[in-house]
file model-v4.txt (compact mmCIF, C-alpha atoms)
# COMPACT_ATOMS: atom_id res chain seq x y z
CA MET B 19 -29.28 20.83 -14.66
CA CYS B 20 -27.75 17.38 -14.15
CA CYS B 21 -26.21 15.25 -16.88
CA LYS B 22 -27.17 11.78 -15.59
CA PRO B 23 -24.59 9.67 -17.50
CA LEU B 24 -21.77 11.98 -16.47
CA LEU B 25 -22.89 11.86 -12.84
CA LEU B 26 -22.99 8.07 -12.79
CA VAL B 27 -19.55 7.89 -14.36
CA SER B 28 -18.26 10.34 -11.78
CA LEU B 29 -19.72 8.34 -8.91
CA MET B 30 -18.14 5.14 -10.21
CA SER B 31 -14.79 6.88 -10.47
CA LEU B 32 -15.27 8.11 -6.91
CA PHE B 33 -15.74 4.60 -5.57
CA ASN B 34 -12.81 3.41 -7.65
CA THR B 35 -10.65 5.58 -5.44
CA VAL B 36 -11.35 3.28 -2.50
CA THR B 37 -10.37 0.14 -4.34
CA TYR B 38 -7.32 1.49 -6.06
CA SER B 39 -5.88 3.16 -2.99
CA GLN B 40 -6.43 0.18 -0.71
CA GLY B 41 -5.13 -2.25 -3.29
CA PHE B 42 -2.03 -0.22 -4.17
CA GLN B 43 1.01 -2.01 -2.80
CA VAL B 44 2.92 0.13 -0.29
CA ASN B 45 6.22 -1.27 0.99
CA PHE B 46 6.81 0.40 4.36
CA GLN B 47 6.94 -2.67 6.60
CA GLY B 48 10.55 -2.64 7.82
CA GLN B 49 13.16 0.12 8.04
CA LYS B 50 16.14 -2.14 7.30
CA GLN B 51 14.44 -3.53 4.20
CA GLN B 52 13.23 -0.07 3.14
CA GLY B 53 16.87 1.00 2.97
CA MET B 54 17.42 -1.84 0.45
CA ALA B 55 14.45 -1.02 -1.84
CA SER B 56 12.17 -3.14 0.41
CA ALA B 57 14.00 -6.36 -0.54
CA GLY B 58 14.53 -8.82 2.30
CA THR B 59 12.54 -12.00 1.71
CA ALA B 60 15.67 -14.16 1.90
CA LEU B 61 17.57 -12.18 4.58
CA PRO B 62 16.15 -12.42 8.13
CA LEU B 63 17.35 -9.32 9.98
CA ASP B 64 14.88 -8.41 12.73
CA GLY B 65 11.27 -8.59 13.91
CA SER B 66 9.95 -7.39 10.56
CA VAL B 67 10.64 -10.92 9.31
CA VAL B 68 7.08 -11.66 10.51
CA PHE B 69 5.94 -9.70 7.46
CA GLN B 70 8.92 -10.13 5.13
CA ASN B 71 9.07 -13.95 5.33
CA PRO B 72 7.42 -15.87 8.19
CA GLY B 73 9.42 -18.94 7.19
CA ALA B 74 12.62 -17.21 8.32
CA MET B 75 11.37 -16.30 11.80
CA PRO B 76 13.27 -19.11 13.64
CA LEU B 77 16.56 -17.84 12.15
CA VAL B 78 16.45 -14.47 13.96
CA LYS B 79 18.83 -14.84 16.91
CA GLU B 80 17.14 -12.49 19.37
CA ASN B 81 13.61 -11.86 20.57
CA GLU B 82 12.42 -8.40 19.67
CA ILE B 83 9.77 -5.74 20.11
CA SER B 84 9.99 -2.96 17.53
CA ALA B 85 8.09 -0.11 15.91
CA GLY B 86 8.69 2.08 12.88
CA PHE B 87 7.18 5.16 11.28
CA THR B 88 7.59 6.47 7.72
CA PRO B 89 6.21 9.96 7.00
CA VAL B 90 5.26 10.31 3.34
CA PHE B 91 5.50 13.66 1.55
CA ALA B 92 3.92 13.55 -1.92
CA ASN B 93 3.28 16.29 -4.45
CA ILE B 94 1.29 15.81 -7.66
CA LEU B 95 1.00 18.23 -10.58
CA PHE B 96 -1.68 17.81 -13.25
CA GLU B 97 -1.42 19.57 -16.64
CA GLU B 98 -4.56 19.35 -18.77
CA ASN B 99 -4.21 18.45 -22.43
CA GLY B 100 -5.28 21.19 -24.85
CA SER B 101 -5.25 24.02 -22.30
CA ASP B 102 -3.00 25.83 -19.85
CA GLN B 103 -4.96 24.68 -16.79
CA ILE B 104 -3.06 22.91 -14.04
CA GLY B 105 -3.93 21.39 -10.68
CA ARG B 106 -1.82 20.67 -7.61
CA THR B 107 -2.26 18.68 -4.46
CA ASN B 108 -1.90 20.18 -0.98
CA SER B 109 -2.04 16.86 0.82
CA PRO B 110 -1.06 16.48 4.48
CA MET B 111 1.76 14.15 5.49
CA GLY B 112 1.04 10.42 5.20
CA THR B 113 1.53 8.38 8.36
CA PRO B 114 2.14 4.64 7.73
CA PHE B 115 3.61 2.68 10.65
CA SER B 116 4.57 -0.86 11.58
CA ALA B 117 5.03 -2.74 14.85
CA TYR B 118 6.38 -6.24 15.50
CA ALA B 119 6.83 -8.73 18.31
CA LEU B 120 8.99 -11.81 17.72
CA PHE B 121 9.47 -14.52 20.34
CA LYS B 122 11.39 -17.80 20.56
CA PRO B 123 11.55 -19.28 24.09
CA LYS B 124 14.96 -20.98 23.80
CA LYS B 125 17.81 -20.98 21.32
CA GLU B 126 17.42 -24.69 20.66
CA THR B 127 13.63 -24.46 20.23
CA LYS B 128 12.52 -25.14 16.67
CA TRP B 129 9.41 -22.93 16.69
CA SER B 130 8.85 -19.20 17.01
CA ALA B 131 5.83 -16.89 17.17
CA GLY B 132 5.29 -13.35 15.98
CA LEU B 133 2.73 -10.58 15.68
CA ALA B 134 2.73 -7.83 13.05
CA ILE B 135 0.55 -4.72 13.06
CA TYR B 136 1.03 -2.33 10.17
CA THR B 137 -0.69 0.17 7.91
CA PRO B 138 -0.18 -0.60 4.22
CA PHE B 139 -2.36 2.45 3.49
CA GLY B 140 -2.88 5.53 5.61
CA SER B 141 -2.62 8.83 3.79
CA THR B 142 -4.68 11.70 2.45
CA VAL B 143 -4.74 12.95 -1.16
CA GLN B 144 -6.22 16.42 -1.33
CA TRP B 145 -6.44 18.57 -4.46
CA GLU B 146 -6.64 22.35 -4.40
CA ASP B 147 -10.08 23.96 -4.54
CA GLY B 148 -11.64 24.34 -7.97
CA TRP B 149 -9.10 22.24 -9.86
CA ILE B 150 -10.07 20.93 -13.30
CA GLY B 151 -10.41 17.32 -12.10
CA ARG B 152 -12.75 18.05 -9.19
CA PHE B 153 -15.49 15.93 -10.80
CA ALA B 154 -13.15 12.95 -10.39
CA LEU B 155 -11.80 13.74 -6.91
CA ASN B 156 -11.42 16.49 -4.32
CA ARG B 157 -10.14 14.56 -1.33
CA LEU B 158 -9.40 10.99 -0.29
CA GLN B 159 -8.61 10.06 3.30
CA LEU B 160 -7.74 6.43 3.78
CA LYS B 161 -6.79 4.49 6.92
CA ALA B 162 -6.17 0.75 7.08
CA VAL B 163 -4.61 -1.57 9.67
CA TYR B 164 -3.44 -5.14 9.11
CA ILE B 165 -3.13 -7.48 12.10
CA GLN B 166 -1.07 -10.60 11.44
CA PRO B 167 -0.34 -13.33 14.05
CA THR B 168 2.18 -15.81 12.63
CA PHE B 169 3.98 -19.04 13.63
CA ALA B 170 7.06 -20.76 12.16
CA TYR B 171 8.98 -24.01 12.55
CA GLN B 172 12.56 -24.91 11.63
CA LEU B 173 12.61 -28.39 10.10
CA ASN B 174 16.41 -28.70 9.87
CA ASN B 175 19.54 -26.59 9.40
CA TRP B 176 18.60 -25.48 5.89
CA LEU B 177 14.78 -25.36 5.79
CA SER B 178 12.17 -23.53 7.84
CA MET B 179 8.51 -22.72 7.19
CA GLY B 180 5.88 -20.38 8.62
CA GLY B 181 2.43 -18.96 8.15
CA GLY B 182 -0.50 -17.23 9.75
CA VAL B 183 -3.70 -15.28 9.25
CA VAL B 184 -4.20 -11.64 8.28
CA TYR B 185 -7.12 -9.54 9.46
CA SER B 186 -7.60 -6.24 7.66
CA THR B 187 -9.75 -3.41 8.96
CA GLY B 188 -10.05 0.13 7.71
CA ASN B 189 -12.14 3.11 6.72
CA VAL B 190 -12.22 5.63 3.92
CA ASN B 191 -13.68 9.08 3.33
CA LEU B 192 -14.05 10.40 -0.20
CA GLN B 193 -15.22 13.75 -1.47
CA LYS B 194 -15.77 14.98 -5.02
CA THR B 195 -17.73 17.60 -6.91
CA ILE B 196 -20.98 16.66 -8.69
CA PRO B 197 -21.61 18.48 -12.01
CA VAL B 198 -24.83 20.20 -10.88
CA GLU B 199 -25.33 23.81 -9.78
CA ASP B 200 -27.87 25.80 -7.79
CA MET B 201 -29.10 29.26 -8.77
CA SER B 202 -26.02 30.91 -7.25
CA GLY B 203 -23.60 28.69 -9.18
CA GLN B 204 -22.68 26.52 -6.18
CA GLU B 205 -21.71 23.03 -7.34
CA GLY B 206 -22.91 19.82 -5.73
CA LEU B 207 -20.81 17.54 -3.54
CA ALA B 208 -20.75 13.78 -3.04
CA GLU B 209 -19.19 12.23 0.06
CA LEU B 210 -18.76 8.50 0.60
CA ASP B 211 -17.70 7.13 3.95
CA GLY B 212 -17.34 3.47 4.79
CA LYS B 213 -15.72 0.86 6.99
CA SER B 214 -14.40 -2.41 5.60
CA ALA B 215 -12.86 -5.64 6.82
CA GLY B 216 -11.52 -8.88 5.42
CA TRP B 217 -9.49 -12.01 6.15
CA GLY B 218 -6.50 -13.58 4.43
CA TYR B 219 -3.39 -15.62 5.15
CA ASN B 220 0.36 -15.59 4.58
CA LEU B 221 2.91 -18.35 4.00
CA GLY B 222 6.69 -18.39 3.83
CA VAL B 223 9.61 -20.73 3.26
CA HIS B 224 13.31 -20.05 3.85
CA LEU B 225 16.09 -22.22 2.46
CA LYS B 226 19.81 -22.05 3.28
CA PRO B 227 21.53 -24.35 0.77
CA THR B 228 24.99 -22.89 1.54
CA GLU B 229 26.51 -20.65 4.19
CA LYS B 230 26.50 -17.70 1.80
CA LEU B 231 23.21 -18.18 -0.05
CA GLY B 232 19.68 -17.68 1.28
CA ILE B 233 16.45 -18.27 -0.67
CA GLY B 234 13.01 -17.06 0.37
CA LEU B 235 9.54 -17.78 -0.99
CA THR B 236 6.41 -16.05 0.31
CA TYR B 237 2.74 -15.86 -0.58
CA ARG B 238 0.10 -13.47 0.74
CA SER B 239 -3.45 -14.31 -0.25
CA GLN B 240 -6.03 -12.04 -1.80
CA ILE B 241 -8.24 -10.27 0.74
CA ASP B 242 -11.75 -9.24 -0.24
CA MET B 243 -12.57 -6.11 1.73
CA LYS B 244 -16.32 -5.87 2.30
CA VAL B 245 -18.18 -2.61 2.78
CA ASP B 246 -21.61 -3.59 4.06
CA GLU B 247 -23.14 -0.26 5.05
CA GLY B 248 -21.14 2.66 3.80
CA THR B 249 -22.85 6.05 3.95
CA ALA B 250 -23.46 8.16 0.86
CA ASP B 251 -24.22 11.87 1.39
CA PHE B 252 -25.12 14.22 -1.45
CA THR B 253 -25.26 18.01 -1.34
CA VAL B 254 -27.30 19.13 -4.36
CA PRO B 255 -29.88 21.81 -5.22
CA ALA B 256 -33.23 21.31 -3.48
CA SER B 257 -34.90 20.47 -6.77
CA LEU B 258 -32.60 17.43 -7.18
CA GLU B 259 -32.59 16.09 -3.61
CA ALA B 260 -35.16 13.41 -4.44
CA ASN B 261 -32.87 12.16 -7.21
CA PHE B 262 -29.86 11.86 -4.87
CA PRO B 263 -31.10 10.63 -1.49
CA ASP B 264 -28.64 10.16 1.33
CA GLY B 265 -28.36 6.49 2.25
CA THR B 266 -26.08 3.48 2.36
CA PHE B 267 -24.22 1.35 -0.15
CA ALA B 268 -22.41 -2.00 -0.22
CA SER B 269 -19.50 -3.38 -2.19
CA GLN B 270 -16.61 -5.84 -2.13
CA LEU B 271 -13.09 -4.65 -2.84
CA PRO B 272 -10.29 -7.08 -3.83
CA LEU B 273 -6.77 -6.65 -2.48
CA PRO B 274 -4.53 -8.75 -4.73
CA GLN B 275 -2.48 -11.83 -3.91
CA VAL B 276 1.29 -11.38 -3.86
CA ALA B 277 4.00 -13.99 -4.48
CA THR B 278 7.68 -13.21 -3.89
CA LEU B 279 10.97 -14.93 -4.65
CA GLY B 280 13.96 -13.57 -2.77
CA LEU B 281 17.71 -14.22 -2.88
CA ALA B 282 20.43 -13.13 -0.48
CA TYR B 283 24.14 -13.68 -0.96
CA ALA B 284 26.89 -12.86 1.54
CA PHE B 285 29.96 -11.89 -0.45
CA SER B 286 31.84 -11.43 2.82
CA ASP B 287 31.22 -11.04 6.54
CA ARG B 288 30.58 -7.36 5.89
CA PHE B 289 28.81 -7.18 2.51
CA THR B 290 25.47 -8.82 1.59
CA ALA B 291 23.35 -8.30 -1.53
CA VAL B 292 19.61 -9.04 -1.77
CA PHE B 293 17.16 -9.38 -4.64
CA ASP B 294 13.36 -9.71 -4.57
CA ALA B 295 10.94 -10.36 -7.44
CA ASN B 296 7.27 -9.69 -6.62
CA TRP B 297 4.28 -10.87 -8.64
CA ILE B 298 1.02 -9.06 -7.80
CA GLY B 299 -2.33 -10.51 -8.89
CA TRP B 300 -4.02 -7.27 -9.84
CA LYS B 301 -6.14 -9.00 -12.50
CA ALA B 302 -8.63 -9.77 -9.71
CA TYR B 303 -9.79 -6.18 -10.05
CA ASP B 304 -11.56 -6.48 -13.39
CA THR B 305 -14.93 -4.96 -12.48
CA LEU B 306 -16.10 -2.24 -10.14
CA ALA B 307 -19.62 -2.76 -8.77
CA PHE B 308 -21.62 -1.22 -5.95
CA ASP B 309 -25.14 -1.47 -4.67
CA TYR B 310 -27.15 1.44 -3.25
CA ALA B 311 -29.79 0.67 -0.65
CA VAL B 312 -32.07 3.24 -2.30
CA ASN B 313 -32.17 3.64 -6.07
CA THR B 314 -33.62 6.43 -8.18
CA ALA B 315 -33.58 7.25 -11.88
CA SER B 316 -30.28 9.10 -11.31
CA LEU B 317 -28.77 6.81 -8.68
CA VAL B 318 -28.72 3.21 -9.83
CA ASP B 319 -26.62 0.16 -8.99
CA THR B 320 -23.67 0.02 -11.35
CA LYS B 321 -20.93 -2.20 -12.76
CA SER B 322 -17.94 -0.80 -14.53
CA ALA B 323 -15.00 -2.52 -16.23
CA ARG B 324 -11.57 -1.81 -14.74
CA ASN B 325 -9.49 -4.51 -16.46
CA TYR B 326 -6.36 -4.19 -14.34
CA GLU B 327 -3.36 -6.27 -15.34
CA ASN B 328 -1.16 -8.47 -13.17
CA ALA B 329 2.02 -6.61 -12.31
CA PHE B 330 5.52 -7.23 -11.02
CA SER B 331 8.36 -5.42 -9.27
CA LEU B 332 12.10 -6.10 -9.11
CA ARG B 333 14.10 -4.97 -6.08
CA LEU B 334 17.87 -4.93 -5.64
CA GLY B 335 19.64 -3.86 -2.47
CA ALA B 336 22.76 -4.31 -0.37
CA GLN B 337 24.05 -3.71 3.12
CA TYR B 338 27.58 -3.17 4.41
CA ASN B 339 28.59 -3.64 8.04
CA VAL B 340 30.87 -0.64 8.50
CA THR B 341 31.59 -1.53 12.14
CA ASN B 342 30.19 -4.03 14.63
CA TRP B 343 27.54 -1.46 15.60
CA PHE B 344 26.83 0.48 12.35
CA THR B 345 25.42 -0.78 9.00
CA ALA B 346 24.81 1.18 5.78
CA ARG B 347 22.28 0.22 3.06
CA ALA B 348 21.14 1.24 -0.44
CA GLY B 349 18.76 -0.06 -3.08
CA ILE B 350 16.89 0.47 -6.34
CA ALA B 351 13.54 -0.95 -7.49
CA TYR B 352 11.51 -1.10 -10.69
CA GLY B 353 7.73 -1.45 -10.52
CA LYS B 354 5.33 -2.03 -13.39
CA THR B 355 1.93 -0.39 -13.04
CA PRO B 356 -1.23 -2.54 -13.19
CA VAL B 357 -3.26 0.38 -14.60
CA GLN B 358 -3.91 0.13 -18.32
CA ASP B 359 -4.22 3.16 -20.58
CA GLY B 360 -7.63 4.76 -20.24
CA PHE B 361 -7.98 4.03 -16.51
CA LEU B 362 -5.58 6.50 -14.87
CA THR B 363 -7.19 8.40 -11.98
CA PRO B 364 -6.11 11.39 -9.85
CA GLU B 365 -6.23 9.55 -6.51
CA THR B 366 -2.78 7.96 -6.86
CA PRO B 367 -1.69 8.54 -10.48
CA ASP B 368 0.33 5.43 -11.22
CA ALA B 369 3.02 4.67 -13.78
CA ASN B 370 6.00 2.41 -14.27
CA ARG B 371 8.61 3.66 -11.84
CA LEU B 372 12.13 3.55 -10.48
CA SER B 373 12.54 3.98 -6.73
CA TYR B 374 15.79 4.88 -4.98
CA THR B 375 16.47 4.14 -1.32
CA ALA B 376 19.16 4.40 1.34
CA GLY B 377 19.37 3.67 5.05
CA CYS B 378 21.49 2.75 8.03
CA SER B 379 21.28 1.11 11.45
CA ALA B 380 23.07 1.66 14.74
CA THR B 381 23.21 -0.59 17.81
CA ILE B 382 22.88 1.21 21.13
CA GLY B 383 24.11 -0.83 24.08
CA LYS B 384 23.07 -4.45 24.50
CA HIS B 385 19.35 -4.14 23.87
CA TRP B 386 18.51 -1.18 21.65
CA SER B 387 18.93 -0.43 17.97
CA ILE B 388 17.77 2.40 15.72
CA ASP B 389 17.11 2.20 11.97
CA VAL B 390 16.55 5.00 9.46
CA SER B 391 15.70 4.93 5.76
CA VAL B 392 14.68 7.24 2.94
CA LEU B 393 12.87 6.62 -0.34
CA TYR B 394 12.64 8.88 -3.39
CA VAL B 395 10.32 8.35 -6.36
CA GLN B 396 9.61 10.59 -9.33
CA LEU B 397 7.18 9.53 -12.05
CA SER B 398 4.89 10.93 -14.73
CA ARG B 399 2.21 9.66 -17.07
CA GLU B 400 -0.13 11.14 -19.66
CA ASP B 401 -3.55 9.57 -20.22
CA THR B 402 -7.22 10.19 -20.96
CA ASN B 403 -9.64 8.48 -18.59
CA LEU B 404 -12.31 6.68 -20.59
CA GLU B 405 -15.04 7.22 -17.99
CA THR B 406 -14.46 10.74 -16.68
CA GLY B 407 -12.82 12.21 -19.79
CA LEU B 408 -10.08 13.76 -17.66
CA SER B 409 -7.11 14.13 -20.01
CA GLY B 410 -3.61 15.30 -19.20
CA LYS B 411 -0.27 14.60 -17.62
CA PHE B 412 0.28 13.71 -13.96
CA SER B 413 3.75 14.33 -12.49
CA THR B 414 4.43 12.94 -9.02
CA LYS B 415 7.30 13.30 -6.55
CA VAL B 416 7.46 11.34 -3.31
CA VAL B 417 9.97 11.54 -0.45
CA ALA B 418 9.53 9.13 2.47
CA PRO B 419 12.02 9.23 5.34
CA GLY B 420 11.56 6.54 7.98
CA ILE B 421 12.75 5.72 11.47
CA GLY B 422 12.42 2.62 13.65
CA LEU B 423 13.38 1.61 17.18
CA ALA B 424 13.84 -1.95 18.45
CA TYR B 425 14.35 -3.56 21.85
CA LYS B 426 16.07 -6.95 21.70
CA PHE B 427 16.53 -9.54 24.40
CA GLN B 428 18.33 -12.86 24.30
CA GLN B 429 16.62 -16.20 24.00
CA LYS B 430 17.32 -18.49 26.94
call {"tool": "encode", "arguments": {"input": "model-v4.txt", "output": "structure tokens"}}
result
Amino acid sequence: MCCKPLLLVSLMSLFNTVTYSQGFQVNFQGQKQQGMASAGTALPLDGSVVFQNPGAMPLVKENEISAGFTPVFANILFEENGSDQIGRTNSPMGTPFSAYALFKPKKETKWSAGLAIYTPFGSTVQWEDGWIGRFALNRLQLKAVYIQPTFAYQLNNWLSMGGGVVYSTGNVNLQKTIPVEDMSGQEGLAELDGKSAGWGYNLGVHLKPTEKLGIGLTYRSQIDMKVDEGTADFTVPASLEANFPDGTFASQLPLPQVATLGLAYAFSDRFTAVFDANWIGWKAYDTLAFDYAVNTASLVDTKSARNYENAFSLRLGAQYNVTNWFTARAGIAYGKTPVQDGFLTPETPDANRLSYTAGCSATIGKHWSIDVSVLYVQLSREDTNLETGLSGKFSTKVVAPGIGLAYKFQQK
């Protein structure tokens, strides 16, 4: 027999997975910067400047075509409060990537153009069969691609500006258990599948007040991802099929605005330190709402408070030019979670965190370079979700090694 309030709460938590996972800031958009805790707003290094700070694009000395890939290996352990039950993920490897093209026709030309294609989200979270939180989530598969054409202009020797549009497209597949059973004890299953798209823009400014100091300011707008006709499929006992008809749903999912201030200081020809402070407008995600094309007494349109908070991160990194062809990097970052107590979910259990990174680059001949990086994060948080009642401690470990390859050619 179905408990209607619990089912509705479970369905809302299911859809929350889409929003939270797409909105969660993932910083895998440049291997050099990843080696320095993803700080690089004020230090133009390569083609990834199209993402890092479009205002600094004219300062990159070579045209470039590049691509990078960062496999993500994540393991999550859940320990339920008041019992000895645990749950583990057996998720496949995440596959975020980035690709850039940066072009400036002549050295003396003041303008430059770039194109960035990257996946800020693109992983699968999969919990083991029968785990205690299956009514909140079994599996989430998320794929998203951002396409960003960008232009920049250098006003003088110390100031340049840039900007462009961002088109986001993606899809998500979500599966979770419904708390209903047939005569044999087989539980129900809900599966949501949808495609979404949205538009935004990005702006950047780079200042060079002295030879040693660089300052960067960037802004990426909020993008409202719209799901117009997602499909909702329910596997339930025959006696309940009329209550849970397969059909479509619609919603709008906010991806927050991000503002960044970056500093770079060259202590010598070999050693440079960088610092980024990010502000993320997560408060835009205050309510979760979705609209079913077909409603029943058990399946109604819903709104649910999420009350996320604005968040920030602080990133500190450095690079050292060991030789004229080899550079080493390291960094550390602190990130504050936007998720308030009572809203923690098993899709990507979030908490305040410290991230540790390292990386290096090598030049190969006149045109090629290779970059590698690695990130390590370990975090834990105990909470009771106000909607699903899931209560316990999530412990997460993430290792993300990355590699990138670039082809550079001189401006005329």
call {"tool": "atom_distance", "arguments": {"input": "model-v4.txt", "atom1": "atom CA of B:Ala376", "atom2": "atom CA of B:Gly349"}}
result
6.3 Å
call {"tool": "closest_residue", "arguments": {"input": "model-v4.txt", "among": "B:Ala329, B:Leu334, B:Ala60, B:Leu279", "to": "B:Lys226", "atoms": "all atoms listed in the file"}}
result
B:Ala60
call {"tool": "residues_around", "arguments": {"input": "model-v4.txt", "residues": "stretch 197-214 of chain B", "least_positions_apart": "2", "cutoff": "6 Å", "atoms": "all atoms listed in the file", "output": "list of chain:residue names"}}
result
B:Met19, B:Cys20, B:Thr187, B:Gly188, B:Asn189, B:Val190, B:Asn191, B:Leu192, B:Gln193, B:Lys194, B:Thr195, B:Met243, B:Lys244, B:Val245, B:Gly248, B:Thr249, B:Ala250, B:Asp251, B:Phe252, B:Thr253, B:Val254, B:Pro255
call {"tool": "closest_residue", "arguments": {"input": "model-v4.txt", "among": "B:Ala256, B:Leu120, B:Ala55, B:Leu77", "to": "B:Ala295", "atoms": "all atoms listed in the file"}}
result
B:Ala55
call {"tool": "closest_residue", "arguments": {"input": "model-v4.txt", "among": "B:Thr88, B:Thr113, B:Asn45, B:Thr341", "to": "B:Val390", "atoms": "all atoms listed in the file"}}
result
B:Thr88
call {"tool": "closest_residue", "arguments": {"input": "model-v4.txt", "among": "B:Thr228, B:Gln51, B:Ser178, B:Asn156", "to": "B:Met75", "atoms": "only C-alpha atoms"}}
result
B:Ser178
call {"tool": "residues_around", "arguments": {"input": "model-v4.txt", "residues": "B:Gly218", "least_positions_apart": "5", "cutoff": "12 Å", "atoms": "all atoms listed in the file", "output": "list in words"}}
result
Tyr164, Ile165, Gln166, Pro167, Gly181, Gly182, Val183, Val184, Tyr185, Ser186, Thr187, Tyr237, Arg238, Ser239, Gln240, Ile241, Asp242, Met243, Pro272, Leu273, Pro274, Gln275 and Val276 of chain B
call {"tool": "closest_residue", "arguments": {"input": "model-v4.txt", "among": "B:Asn403, B:Gln144, B:Ser257, B:Asn342", "to": "B:Gly105", "atoms": "all atoms listed in the file"}}
result
B:Gln144
call {"tool": "closest_residue", "arguments": {"input": "model-v4.txt", "among": "B:Arg399, B:Thr168, B:Ala117, B:Asp246", "to": "B:Leu271", "atoms": "only C-alpha atoms"}}
result
B:Asp246
call {"tool": "residues_around", "arguments": {"input": "model-v4.txt", "residues": "B:Tyr394", "least_positions_apart": "6", "cutoff": "6 Å", "atoms": "all atoms listed in the file", "output": "PyMOL selection string"}}
result
chain B and resi 373-374+416-417
call {"tool": "write_last_selection", "arguments": {"input": "model-v4.txt", "atoms": "C-alpha atoms", "output": "PDB file, keeping the file's coordinate frame"}}
result
ATOM      1  CA  SER B 373      12.540   3.980  -6.730  1.00  0.00           C
ATOM      2  CA  TYR B 374      15.790   4.880  -4.980  1.00  0.00           C
ATOM      3  CA  VAL B 416       7.460  11.340  -3.310  1.00  0.00           C
ATOM      4  CA  VAL B 417       9.970  11.540  -0.450  1.00  0.00           C
TER       5      VAL B 417
END
call {"tool": "atom_distance", "arguments": {"input": "model-v4.txt", "atom1": "atom CA of B:Ala215", "atom2": "atom CA of B:Val67"}}
result
24.2 Å
call {"tool": "decode", "arguments": {"input": "model-v4.txt", "residues": "stretch 118-133 of chain B", "atoms": "N, CA and C atoms", "output": "JSON list (two decimals), in the first residue's frame"}}
result
[["chain", "number", "residue", "atom", "x", "y", "z"],
["B", 118, "TYR", "N", 39.44, 24.04, -26.26],
["B", 118, "TYR", "CA", 39.54, 25.47, -26.50],
["B", 118, "TYR", "C", 40.20, 25.76, -27.85],
["B", 119, "ALA", "N", 39.78, 26.87, -28.43],
["B", 119, "ALA", "CA", 40.44, 27.43, -29.60],
["B", 119, "ALA", "C", 40.60, 28.92, -29.36],
["B", 120, "LEU", "N", 41.83, 29.41, -29.47],
["B", 120, "LEU", "CA", 42.13, 30.82, -29.21],
["B", 120, "LEU", "C", 42.89, 31.38, -30.41],
["B", 121, "PHE", "N", 42.41, 32.51, -30.94],
["B", 121, "PHE", "CA", 43.01, 33.04, -32.18],
["B", 121, "PHE", "C", 43.15, 34.55, -32.11],
["B", 122, "LYS", "N", 44.34, 35.02, -32.50],
["B", 122, "LYS", "CA", 44.64, 36.45, -32.66],
["B", 122, "LYS", "C", 45.43, 36.58, -33.95],
["B", 123, "PRO", "N", 44.91, 37.30, -34.96],
["B", 123, "PRO", "CA", 45.53, 37.25, -36.29],
["B", 123, "PRO", "C", 46.96, 37.77, -36.36],
["B", 124, "LYS", "N", 47.26, 38.85, -35.61],
["B", 124, "LYS", "CA", 48.60, 39.42, -35.62],
["B", 124, "LYS", "C", 48.98, 39.85, -34.21],
["B", 125, "LYS", "N", 50.29, 39.89, -33.95],
["B", 125, "LYS", "CA", 50.75, 40.25, -32.62],
["B", 125, "LYS", "C", 50.28, 41.64, -32.22],
["B", 126, "GLU", "N", 50.26, 42.56, -33.18],
["B", 126, "GLU", "CA", 49.90, 43.94, -32.87],
["B", 126, "GLU", "C", 48.39, 44.17, -32.86],
["B", 127, "THR", "N", 47.61, 43.16, -33.26],
["B", 127, "THR", "CA", 46.16, 43.29, -33.25],
["B", 127, "THR", "C", 45.64, 43.38, -31.82],
["B", 128, "LYS", "N", 44.67, 44.25, -31.60],
["B", 128, "LYS", "CA", 44.15, 44.47, -30.26],
["B", 128, "LYS", "C", 43.06, 43.48, -29.86],
["B", 129, "TRP", "N", 42.44, 42.80, -30.83],
["B", 129, "TRP", "CA", 41.34, 41.90, -30.50],
["B", 129, "TRP", "C", 41.73, 40.45, -30.65],
["B", 130, "SER", "N", 41.00, 39.58, -30.01],
["B", 130, "SER", "CA", 41.19, 38.14, -30.14],
["B", 130, "SER", "C", 39.84, 37.45, -29.98],
["B", 131, "ALA", "N", 39.76, 36.23, -30.51],
["B", 131, "ALA", "CA", 38.51, 35.46, -30.47],
["B", 131, "ALA", "C", 38.81, 34.06, -29.92],
["B", 132, "GLY", "N", 37.81, 33.49, -29.27],
["B", 132, "GLY", "CA", 38.00, 32.16, -28.71],
["B", 132, "GLY", "C", 36.70, 31.38, -28.66],
["B", 133, "LEU", "N", 36.82, 30.08, -28.55],
["B", 133, "LEU", "CA", 35.68, 29.18, -28.40],
["B", 133, "LEU", "C", 36.02, 28.16, -27.34]]
